>>> print(open('entry_26.cif').read())   # mmCIF, C-alpha atoms, pLDDT in the B column; chains and numbers go by the auth columns
data_input
#
loop_
_atom_site.group_PDB
_atom_site.id
_atom_site.type_symbol
_atom_site.label_atom_id
_atom_site.label_comp_id
_atom_site.label_asym_id
_atom_site.label_seq_id
_atom_site.Cartn_x
_atom_site.Cartn_y
_atom_site.Cartn_z
_atom_site.B_iso_or_equiv
_atom_site.auth_seq_id
_atom_site.auth_asym_id
ATOM 1 C CA MET A 1 -29.176 -18.073 52.350 43.00 8 A
ATOM 2 C CA ALA A 2 -25.813 -16.694 53.443 47.00 9 A
ATOM 3 C CA ASN A 3 -22.884 -19.034 53.377 45.00 10 A
ATOM 4 C CA PRO A 4 -21.032 -18.702 56.716 46.00 11 A
ATOM 5 C CA SER A 5 -17.335 -19.348 56.531 44.00 12 A
ATOM 6 C CA SER A 6 -15.631 -21.600 59.030 43.00 13 A
ATOM 7 C CA LYS A 7 -12.397 -19.661 58.421 44.00 14 A
ATOM 8 C CA ALA A 8 -13.869 -16.309 59.380 44.00 15 A
ATOM 9 C CA THR A 9 -11.640 -14.248 61.599 43.00 16 A
ATOM 10 C CA VAL A 10 -13.217 -12.247 64.341 41.00 17 A
ATOM 11 C CA PRO A 11 -11.446 -9.032 65.300 44.00 18 A
ATOM 12 C CA VAL A 12 -10.558 -8.840 68.962 42.00 19 A
ATOM 13 C CA PRO A 13 -11.310 -5.440 70.441 42.00 20 A
ATOM 14 C CA ARG A 14 -8.259 -3.490 71.554 43.00 21 A
ATOM 15 C CA LYS A 15 -9.693 -1.175 74.151 44.00 22 A
ATOM 16 C CA LEU A 16 -13.253 -1.074 75.391 41.00 23 A
ATOM 17 C CA GLN A 17 -15.053 2.191 75.901 41.00 24 A
ATOM 18 C CA THR A 18 -17.991 2.184 78.238 42.00 25 A
ATOM 19 C CA SER A 19 -20.496 4.974 78.165 42.00 26 A
ATOM 20 C CA SER A 20 -22.097 5.681 81.487 43.00 27 A
ATOM 21 C CA SER A 21 -25.814 5.483 81.924 43.00 28 A
ATOM 22 C CA SER A 22 -27.746 8.672 81.612 43.00 29 A
ATOM 23 C CA PRO A 23 -29.544 10.188 84.596 49.00 30 A
ATOM 24 C CA GLY A 24 -32.834 8.845 83.208 47.00 31 A
ATOM 25 C CA GLY A 25 -31.579 5.271 83.588 45.00 32 A
ATOM 26 C CA ALA A 26 -30.709 4.594 79.915 45.00 33 A
ATOM 27 C CA ALA A 27 -28.787 1.436 79.128 44.00 34 A
ATOM 28 C CA THR A 28 -25.009 1.346 79.076 44.00 35 A
ATOM 29 C CA SER A 29 -23.354 0.373 75.802 46.00 36 A
ATOM 30 C CA THR A 30 -19.901 -1.082 75.245 48.00 37 A
ATOM 31 C CA LYS A 31 -17.854 -0.466 72.097 49.00 38 A
ATOM 32 C CA SER A 32 -14.263 -0.967 71.056 50.00 39 A
ATOM 33 C CA ASP A 33 -12.084 1.702 69.464 57.00 40 A
ATOM 34 C CA ASP A 34 -12.366 0.064 66.042 61.00 41 A
ATOM 35 C CA GLY A 35 -16.180 -0.239 66.235 62.00 42 A
ATOM 36 C CA ALA A 36 -16.229 -4.052 66.619 64.00 43 A
ATOM 37 C CA ASN A 37 -18.689 -5.663 68.972 69.00 44 A
ATOM 38 C CA PRO A 38 -16.804 -7.104 71.975 72.00 45 A
ATOM 39 C CA TYR A 39 -19.362 -9.918 72.331 68.00 46 A
ATOM 40 C CA GLU A 40 -18.864 -11.156 68.787 69.00 47 A
ATOM 41 C CA PRO A 41 -16.070 -13.679 69.639 74.00 48 A
ATOM 42 C CA ARG A 42 -18.271 -15.221 72.346 72.00 49 A
ATOM 43 C CA VAL A 43 -21.281 -15.464 70.013 67.00 50 A
ATOM 44 C CA MET A 44 -19.163 -16.933 67.206 67.00 51 A
ATOM 45 C CA GLY A 45 -17.697 -19.420 69.702 68.00 52 A
ATOM 46 C CA PHE A 46 -21.221 -20.454 70.713 63.00 53 A
ATOM 47 C CA PHE A 47 -22.216 -20.965 67.072 61.00 54 A
ATOM 48 C CA LYS A 48 -19.120 -23.069 66.517 65.00 55 A
ATOM 49 C CA ARG A 49 -19.866 -25.248 69.584 63.00 56 A
ATOM 50 C CA VAL A 50 -23.430 -25.962 68.408 55.00 57 A
ATOM 51 C CA GLY A 51 -22.343 -26.677 64.838 51.00 58 A
ATOM 52 C CA MET A 52 -23.717 -23.581 63.121 49.00 59 A
ATOM 53 C CA HIS A 53 -20.340 -22.684 61.632 50.00 60 A
ATOM 54 C CA ASP A 54 -20.624 -25.521 59.098 49.00 61 A
ATOM 55 C CA PRO A 55 -19.651 -24.208 55.635 46.00 62 A
ATOM 56 C CA ASN A 56 -21.888 -26.869 54.025 46.00 63 A
ATOM 57 C CA VAL A 57 -25.052 -25.212 55.309 46.00 64 A
ATOM 58 C CA GLU A 58 -26.210 -24.702 51.700 49.00 65 A
ATOM 59 C CA ASN A 59 -26.708 -28.484 51.474 49.00 66 A
ATOM 60 C CA TYR A 60 -29.642 -28.152 53.860 48.00 67 A
ATOM 61 C CA SER A 61 -31.641 -25.648 51.829 49.00 68 A
ATOM 62 C CA SER A 62 -33.299 -28.103 49.436 46.00 69 A
ATOM 63 C CA ARG A 63 -36.977 -27.663 48.631 50.00 70 A
ATOM 64 C CA ASP A 64 -38.207 -30.279 51.097 51.00 71 A
ATOM 65 C CA PHE A 65 -35.277 -30.828 53.449 53.00 72 A
ATOM 66 C CA TYR A 66 -37.859 -30.755 56.252 57.00 73 A
ATOM 67 C CA SER A 67 -39.317 -34.111 55.098 62.00 74 A
ATOM 68 C CA ASN A 68 -35.885 -35.615 54.510 61.00 75 A
ATOM 69 C CA LEU A 69 -34.872 -34.720 58.061 65.00 76 A
ATOM 70 C CA LEU A 70 -37.951 -36.348 59.602 70.00 77 A
ATOM 71 C CA CYS A 71 -38.037 -39.484 57.428 67.00 78 A
ATOM 72 C CA ASN A 72 -35.344 -41.191 59.508 70.00 79 A
ATOM 73 C CA THR A 73 -37.012 -40.124 62.744 78.00 80 A
ATOM 74 C CA LEU A 74 -40.707 -40.916 62.289 83.00 81 A
ATOM 75 C CA LYS A 75 -42.253 -44.284 61.326 86.00 82 A
ATOM 76 C CA THR A 76 -45.961 -45.106 61.076 87.00 83 A
ATOM 77 C CA HIS A 77 -47.224 -47.756 63.507 89.00 84 A
ATOM 78 C CA THR A 78 -51.035 -47.852 63.225 89.00 85 A
ATOM 79 C CA VAL A 79 -53.666 -45.887 61.320 91.00 86 A
ATOM 80 C CA ARG A 80 -57.420 -46.034 61.837 91.00 87 A
ATOM 81 C CA ARG A 81 -60.259 -43.543 61.553 91.00 88 A
ATOM 82 C CA GLY A 82 -59.578 -40.651 63.898 92.00 89 A
ATOM 83 C CA HIS A 83 -56.342 -42.100 65.268 93.00 90 A
ATOM 84 C CA VAL A 84 -52.696 -42.377 64.110 93.00 91 A
ATOM 85 C CA THR A 85 -49.794 -43.824 66.091 93.00 92 A
ATOM 86 C CA CYS A 86 -46.180 -43.330 65.042 91.00 93 A
ATOM 87 C CA LEU A 87 -42.819 -44.297 66.481 92.00 94 A
ATOM 88 C CA ALA A 88 -40.112 -41.654 66.711 91.00 95 A
ATOM 89 C CA THR A 89 -36.430 -42.050 67.490 90.00 96 A
ATOM 90 C CA VAL A 90 -34.347 -39.203 68.878 90.00 97 A
ATOM 91 C CA THR A 91 -31.499 -39.243 66.357 85.00 98 A
ATOM 92 C CA PRO A 92 -28.541 -36.813 66.458 84.00 99 A
ATOM 93 C CA ALA A 93 -30.101 -34.943 63.509 82.00 100 A
ATOM 94 C CA VAL A 94 -33.046 -33.845 65.673 85.00 101 A
ATOM 95 C CA ALA A 95 -31.229 -33.534 69.002 84.00 102 A
ATOM 96 C CA ASN A 96 -30.527 -30.198 70.621 86.00 103 A
ATOM 97 C CA TYR A 97 -27.285 -28.942 72.180 84.00 104 A
ATOM 98 C CA PHE A 98 -28.041 -30.866 75.389 87.00 105 A
ATOM 99 C CA GLY A 99 -28.690 -34.187 73.631 85.00 106 A
ATOM 100 C CA GLY A 100 -32.484 -34.204 73.919 89.00 107 A
ATOM 101 C CA LEU A 101 -35.172 -33.936 71.246 90.00 108 A
ATOM 102 C CA HIS A 102 -35.106 -30.387 69.871 90.00 109 A
ATOM 103 C CA GLY A 103 -38.242 -28.332 70.508 90.00 110 A
ATOM 104 C CA GLY A 104 -38.536 -27.507 66.823 89.00 111 A
ATOM 105 C CA ALA A 105 -38.403 -31.208 65.974 90.00 112 A
ATOM 106 C CA VAL A 106 -41.196 -31.829 68.494 93.00 113 A
ATOM 107 C CA ALA A 107 -43.296 -29.214 66.689 92.00 114 A
ATOM 108 C CA ALA A 108 -42.457 -30.659 63.259 90.00 115 A
ATOM 109 C CA ILE A 109 -43.372 -34.190 64.333 91.00 116 A
ATOM 110 C CA ALA A 110 -46.553 -32.970 66.032 94.00 117 A
ATOM 111 C CA GLU A 111 -47.582 -31.128 62.876 92.00 118 A
ATOM 112 C CA ARG A 112 -46.985 -34.152 60.623 89.00 119 A
ATOM 113 C CA VAL A 113 -48.869 -36.530 62.927 91.00 120 A
ATOM 114 C CA ALA A 114 -51.721 -34.025 63.305 93.00 121 A
ATOM 115 C CA ILE A 115 -52.046 -33.676 59.527 90.00 122 A
ATOM 116 C CA ALA A 116 -52.071 -37.460 59.091 90.00 123 A
ATOM 117 C CA THR A 117 -54.641 -37.851 61.866 92.00 124 A
ATOM 118 C CA SER A 118 -56.962 -35.174 60.498 92.00 125 A
ATOM 119 C CA ARG A 119 -56.765 -36.773 57.038 90.00 126 A
ATOM 120 C CA THR A 120 -58.340 -39.940 58.482 91.00 127 A
ATOM 121 C CA VAL A 121 -61.627 -38.039 58.962 92.00 128 A
ATOM 122 C CA VAL A 122 -61.457 -35.146 56.463 90.00 129 A
ATOM 123 C CA GLY A 123 -62.124 -36.232 52.900 82.00 130 A
ATOM 124 C CA VAL A 124 -59.667 -35.716 50.073 81.00 131 A
ATOM 125 C CA ASP A 125 -62.178 -33.317 48.508 84.00 132 A
ATOM 126 C CA LYS A 126 -61.167 -30.734 51.151 87.00 133 A
ATOM 127 C CA GLU A 127 -57.909 -28.941 51.806 89.00 134 A
ATOM 128 C CA ILE A 128 -56.740 -28.585 55.391 90.00 135 A
ATOM 129 C CA PHE A 129 -54.880 -25.571 56.748 92.00 136 A
ATOM 130 C CA LEU A 130 -53.146 -25.516 60.114 93.00 137 A
ATOM 131 C CA VAL A 131 -54.469 -22.509 62.034 95.00 138 A
ATOM 132 C CA ASP A 132 -53.179 -23.285 65.529 96.00 139 A
ATOM 133 C CA LEU A 133 -50.493 -25.530 67.012 96.00 140 A
ATOM 134 C CA GLY A 134 -49.831 -25.510 70.746 96.00 141 A
ATOM 135 C CA ILE A 135 -47.219 -27.619 72.519 96.00 142 A
ATOM 136 C CA SER A 136 -46.509 -28.315 76.182 96.00 143 A
ATOM 137 C CA TYR A 137 -42.950 -29.436 76.870 94.00 144 A
ATOM 138 C CA LEU A 138 -43.245 -31.498 80.054 94.00 145 A
ATOM 139 C CA SER A 139 -39.969 -33.437 80.089 93.00 146 A
ATOM 140 C CA ALA A 140 -36.921 -34.031 77.886 91.00 147 A
ATOM 141 C CA ALA A 141 -36.602 -36.950 75.471 92.00 148 A
ATOM 142 C CA PRO A 142 -32.977 -38.196 75.629 91.00 149 A
ATOM 143 C CA LYS A 143 -30.878 -39.038 72.574 88.00 150 A
ATOM 144 C CA ASP A 144 -31.541 -42.513 71.088 89.00 151 A
ATOM 145 C CA ALA A 145 -34.838 -42.812 72.986 92.00 152 A
ATOM 146 C CA GLU A 146 -37.821 -44.359 71.236 94.00 153 A
ATOM 147 C CA LEU A 147 -41.085 -42.468 71.541 95.00 154 A
ATOM 148 C CA ILE A 148 -44.696 -43.329 70.833 96.00 155 A
ATOM 149 C CA VAL A 149 -46.529 -40.420 69.201 95.00 156 A
ATOM 150 C CA ASP A 150 -50.329 -40.765 69.392 96.00 157 A
ATOM 151 C CA GLY A 151 -52.615 -38.491 67.402 95.00 158 A
ATOM 152 C CA ALA A 152 -56.360 -38.492 68.023 96.00 159 A
ATOM 153 C CA VAL A 153 -59.161 -36.406 66.533 96.00 160 A
ATOM 154 C CA VAL A 154 -60.899 -34.547 69.349 96.00 161 A
ATOM 155 C CA LYS A 155 -63.607 -32.977 67.186 95.00 162 A
ATOM 156 C CA SER A 156 -64.251 -32.709 63.499 92.00 163 A
ATOM 157 C CA GLY A 157 -66.945 -30.556 61.987 89.00 164 A
ATOM 158 C CA ARG A 158 -67.764 -29.084 58.618 88.00 165 A
ATOM 159 C CA ASN A 159 -65.051 -26.393 58.796 90.00 166 A
ATOM 160 C CA ILE A 160 -62.807 -27.204 61.772 94.00 167 A
ATOM 161 C CA THR A 161 -60.900 -30.300 62.931 95.00 168 A
ATOM 162 C CA ALA A 162 -59.128 -30.436 66.302 97.00 169 A
ATOM 163 C CA VAL A 163 -56.398 -33.017 66.975 97.00 170 A
ATOM 164 C CA SER A 164 -54.598 -33.965 70.182 97.00 171 A
ATOM 165 C CA ILE A 165 -51.053 -35.427 70.086 97.00 172 A
ATOM 166 C CA GLU A 166 -49.151 -37.099 72.929 97.00 173 A
ATOM 167 C CA PHE A 167 -45.461 -38.058 72.982 97.00 174 A
ATOM 168 C CA LYS A 168 -44.604 -40.869 75.416 97.00 175 A
ATOM 169 C CA MET A 169 -41.481 -42.899 76.140 96.00 176 A
ATOM 170 C CA LYS A 170 -41.864 -46.337 74.551 94.00 177 A
ATOM 171 C CA LYS A 171 -40.220 -48.189 77.469 94.00 178 A
ATOM 172 C CA THR A 172 -41.869 -46.464 80.410 94.00 179 A
ATOM 173 C CA GLY A 173 -44.967 -44.768 79.001 94.00 180 A
ATOM 174 C CA LYS A 174 -43.887 -41.476 80.586 96.00 181 A
ATOM 175 C CA LEU A 175 -45.645 -38.479 79.024 96.00 182 A
ATOM 176 C CA LEU A 176 -43.067 -36.056 77.577 96.00 183 A
ATOM 177 C CA PHE A 177 -44.926 -33.610 75.327 96.00 184 A
ATOM 178 C CA THR A 178 -48.537 -32.832 74.534 97.00 185 A
ATOM 179 C CA SER A 179 -49.783 -30.918 71.544 97.00 186 A
ATOM 180 C CA ARG A 180 -53.066 -29.710 70.130 97.00 187 A
ATOM 181 C CA ALA A 181 -53.629 -28.684 66.536 97.00 188 A
ATOM 182 C CA THR A 182 -56.583 -26.993 64.887 96.00 189 A
ATOM 183 C CA PHE A 183 -57.191 -27.238 61.152 95.00 190 A
ATOM 184 C CA HIS A 184 -59.550 -25.323 58.909 94.00 191 A
ATOM 185 C CA ASN A 185 -61.191 -27.563 56.299 89.00 192 A
ATOM 186 C CA SER A 186 -62.140 -25.966 53.018 84.00 193 A
ATOM 187 C CA PRO A 187 -63.415 -27.428 49.763 78.00 194 A
ATOM 188 C CA LEU A 188 -60.968 -27.634 46.867 72.00 195 A
ATOM 189 C CA ALA A 189 -61.352 -24.848 44.357 68.00 196 A
ATOM 190 C CA LYS A 190 -63.071 -25.912 41.145 67.00 197 A
ATOM 191 C CA LEU A 191 -61.632 -23.838 38.338 64.00 198 A
#
>>> encode(input="entry_26.cif", output="structure tokens")
Amino acid sequence: MANPSSKATVPVPRKLQTSSSSPGGAATSTKSDDGANPYEPRVMGFFKRVGMHDPNVENYSSRDFYSNLLCNTLKTHTVRRGHVTCLATVTPAVANYFGGLHGGAVAAIAERVAIATSRTVVGVDKEIFLVDLGISYLSAAPKDAELIVDGAVVKSGRNITAVSIEFKMKKTGKLLFTSRATFHNSPLAKL
């Protein structure tokens, strides 16, 4: 993983040259005399505003940083056959630029709850492989909100298990996100 430097200097273009579009309607390109991209300062500014300029980014490349990130967000509430309920808190670590739960964090939580839910009906003698994960983002989950994440097995057969996941606000019960996951069940290899 590259180590971005917070002290990187971005050259400011001296003079912009604009090529006109061709008669066939080709796109117009903009370049500076020294070959630098004139949009680079704006992009770098965006990265700095969202915190991606952090020189300590290497600290986040551990083998299972994914689990470490979610462990402070997701807590198990109830577990029974075919059903798992967890509580999730929208912490700053999983919030997006606008202060809501990041879409990637929604997917990560949905995947973890779906795996846990499918394990309540699929025996330990079988491996499960996620083959499909679909998410509907209906409304934002604000920072510091507590969510109830319900996972339920829709159907489980010999080779396929389907799980439905719903994210709701704990206080109001408002539905925020829905997800559906499909797993392939296969017997463990006996070598």
>>> atom_distance(input="entry_26.cif", atom1="atom CA of A:Lys133", atom2="atom CA of A:Pro194")
4.2 Å
>>> atom_distance(input="entry_26.cif", atom1="atom CA of A:Arg87", atom2="atom CA of A:Arg187")
18.8 Å
>>> resolve_selection(input="entry_26.cif", expression="the PyMOL selection byres ((chain A and resi 143) around 9)", output="count of residues only")
8
>>> atom_distance(input="entry_26.cif", atom1="atom CA of A:Pro99", atom2="atom CA of A:Val86")
27.2 Å
>>> residues_around(input="entry_26.cif", residues="A:Leu140", least_positions_apart="5", cutoff="9 Å", atoms="all atoms listed in the file", output="PDB file with C-alpha atoms, in the coordinates of the input")
ATOM      1  CA  ALA A 114     -43.296 -29.214  66.689  1.00 92.00           C
ATOM      2  CA  ALA A 117     -46.553 -32.970  66.032  1.00 94.00           C
ATOM      3  CA  GLU A 118     -47.582 -31.128  62.876  1.00 92.00           C
ATOM      4  CA  SER A 186     -49.783 -30.918  71.544  1.00 97.00           C
ATOM      5  CA  ARG A 187     -53.066 -29.710  70.130  1.00 97.00           C
ATOM      6  CA  ALA A 188     -53.629 -28.684  66.536  1.00 97.00           C
ATOM      7  CA  THR A 189     -56.583 -26.993  64.887  1.00 96.00           C
TER       8      THR A 189
END
>>> resolve_selection(input="entry_26.cif", expression="the PyMOL selection byres ((chain A and resi 149) around 12)", output="PyMOL selection string")
chain A and resi 95-99+101-109+146-148+150-154+175-176+183
>>> closest_residue(input="entry_26.cif", among="A:Val161, A:Leu195, A:Ala112, A:Ile155", to="A:Ile135", atoms="only C-alpha atoms")
A:Leu195
>>> resolve_selection(input="entry_26.cif", expression="the PyMOL selection byres ((chain A and resi 138) around 7)", output="CSV table (one decimal) with C-alpha atoms, keeping the file's coordinate frame")
chain,number,residue,atom,x,y,z
A,136,PHE,CA,-54.9,-25.6,56.7
A,137,LEU,CA,-53.1,-25.5,60.1
A,139,ASP,CA,-53.2,-23.3,65.5
A,189,THR,CA,-56.6,-27.0,64.9
A,190,PHE,CA,-57.2,-27.2,61.2
A,191,HIS,CA,-59.6,-25.3,58.9
